[in-house]
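Enquirer: Can you keep this structure in mind? I'll have questions shortly.
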Amino acid sequence: MPDWNKMSSTNTDSKIQVVKVDCTVEQTICGKYAVKGYPTIKAFGPNGVEEDYNSARDYDTMASF
């Protein structure tokens with residue numbers, strides 16, 4: 001979680017949003033995107049193309065993604 005928070009606080013690219021969703025509250029959105037476990041990281045590219053992120057969870061690896 002500390003690296004995820006760092007991603008959120010250091011992002012300066014207005015085209016990139018780093019968000020956290022609580023699936024105990026946002027059940028509809030988590031169901032829509034098939035979130036089945038914690039933590040799940042998804043990336044959405046142009047035109048809403050969805051991609052599961054399955055690489056290392058450290059800041060440098062996530063930032064380079």
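Chain labels run A, B, ... following the order of the structure tokens; each chain numbers its residues from 1, and ligands are numbered from 1 in the order shown.
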I'd like a table as a tab-separated table: residues in range 8-41 of chain A with an atom no more than 12 Å from range 51-62 of chain A, each row giving the shortest atom pair and its distance in Å to one decimal, only C-alpha atoms counted, sorted by chain and rising residue number.
Expert:
```
residue	atom	partner	partner_atom	distance
A:Ser8	CA	A:Tyr59	CA	10.4
A:Ser9	CA	A:Tyr59	CA	11.6
A:Thr10	CA	A:Tyr59	CA	10.5
A:Asn11	CA	A:Tyr59	CA	11.6
A:Val18	CA	A:Met62	CA	10.9
A:Tyr33	CA	A:Asp52	CA	10.0
A:Ala34	CA	A:Asp52	CA	10.4
A:Val35	CA	A:Asp52	CA	10.1
A:Pro39	CA	A:Arg57	CA	9.7
A:Thr40	CA	A:Tyr53	CA	7.8
A:Ile41	CA	A:Tyr53	CA	5.4
```
Enquirer: What does the file look like for those residues with N, CA and C atoms, as an mmCIF file, in the first residue's frame?
Expert:
```cif
data_model
loop_
_atom_site.group_PDB
_atom_site.id
_atom_site.type_symbol
_atom_site.label_atom_id
_atom_site.label_comp_id
_atom_site.auth_asym_id
_atom_site.auth_seq_id
_atom_site.Cartn_x
_atom_site.Cartn_y
_atom_site.Cartn_z
ATOM 1 N N SER A 8 0.038 7.519 -6.331
ATOM 2 C CA SER A 8 -1.040 8.487 -6.358
ATOM 3 C C SER A 8 -0.536 9.909 -6.077
ATOM 4 N N SER A 9 0.349 10.034 -5.109
ATOM 5 C CA SER A 9 0.789 11.376 -4.701
ATOM 6 C C SER A 9 1.866 11.964 -5.602
ATOM 7 N N THR A 10 2.584 11.150 -6.364
ATOM 8 C CA THR A 10 3.650 11.676 -7.215
ATOM 9 C C THR A 10 3.250 11.800 -8.675
ATOM 10 N N ASN A 11 2.077 11.332 -9.035
ATOM 11 C CA ASN A 11 1.624 11.396 -10.427
ATOM 12 C C ASN A 11 1.384 12.852 -10.835
ATOM 13 N N VAL A 18 -4.656 7.572 -10.747
ATOM 14 C CA VAL A 18 -4.386 6.448 -9.861
ATOM 15 C C VAL A 18 -5.473 6.494 -8.800
ATOM 16 N N TYR A 33 -15.881 -5.217 -13.293
ATOM 17 C CA TYR A 33 -14.511 -5.472 -13.739
ATOM 18 C C TYR A 33 -13.926 -6.752 -13.163
ATOM 19 N N ALA A 34 -14.773 -7.625 -12.665
ATOM 20 C CA ALA A 34 -14.383 -8.963 -12.206
ATOM 21 C C ALA A 34 -13.264 -8.947 -11.164
ATOM 22 N N VAL A 35 -13.360 -8.028 -10.224
ATOM 23 C CA VAL A 35 -12.389 -7.997 -9.129
ATOM 24 C C VAL A 35 -12.773 -9.105 -8.157
ATOM 25 N N PRO A 39 -4.912 -7.459 -3.346
ATOM 26 C CA PRO A 39 -5.241 -6.308 -4.194
ATOM 27 C C PRO A 39 -5.322 -6.706 -5.665
ATOM 28 N N THR A 40 -6.198 -6.056 -6.386
ATOM 29 C CA THR A 40 -6.305 -6.212 -7.825
ATOM 30 C C THR A 40 -5.944 -4.885 -8.458
ATOM 31 N N ILE A 41 -5.058 -4.915 -9.427
ATOM 32 C CA ILE A 41 -4.674 -3.686 -10.126
ATOM 33 C C ILE A 41 -5.048 -3.846 -11.588
#
```
Enquirer: Determine which residues of chain A receive a DSSP assignment of strand (DSSP E or B), computed from the backbone, and state them as a list of chain:residue names.
Expert: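 Taking chain A and keeping strand (DSSP E or B) gives A:Lys42, A:Ala43, A:Phe44, A:Glu50, A:Glu51, A:Asp52.
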Enquirer: If I take CA of Val49 in chain A and CA of Asp22 in chain A, how far is one from the other in Å, to one decimal?
Expert: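 Value for the CA of Val49 in chain A-CA of Asp22 in chain A distance: 21.7 Å.
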Enquirer: Which parts of chain A does DSSP call helix (DSSP H, G or I) when run on the backbone here, written out as a list in words?
Expert: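 The helix (DSSP H, G or I) residues within chain A come out as Pro2, Asp3, Trp4, Asn5, Lys6, Met7, Ser8, Ser9, Thr10, Gln27, Thr28, Ile29, Cys30, Gly31, Lys32, Pro46, Asn47, Gly48, Tyr59, Asp60, Thr61, Met62, Ala63 and Ser64 of chain A.
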Enquirer: Have a look at A:Asp13, A:Met1, A:Phe65, A:Thr24 and name the one nearest to Lys42 in chain A; count only C-alpha atoms.
Expert: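 That would be A:Phe65, the residue with the smallest distance to Lys42 in chain A.
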Enquirer: By how many Å are CA of Pro46 in chain A and CA of Thr28 in chain A apart?
Expert: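 Interatomic distance, CA of Pro46 in chain A to CA of Thr28 in chain A: 22.5 Å.
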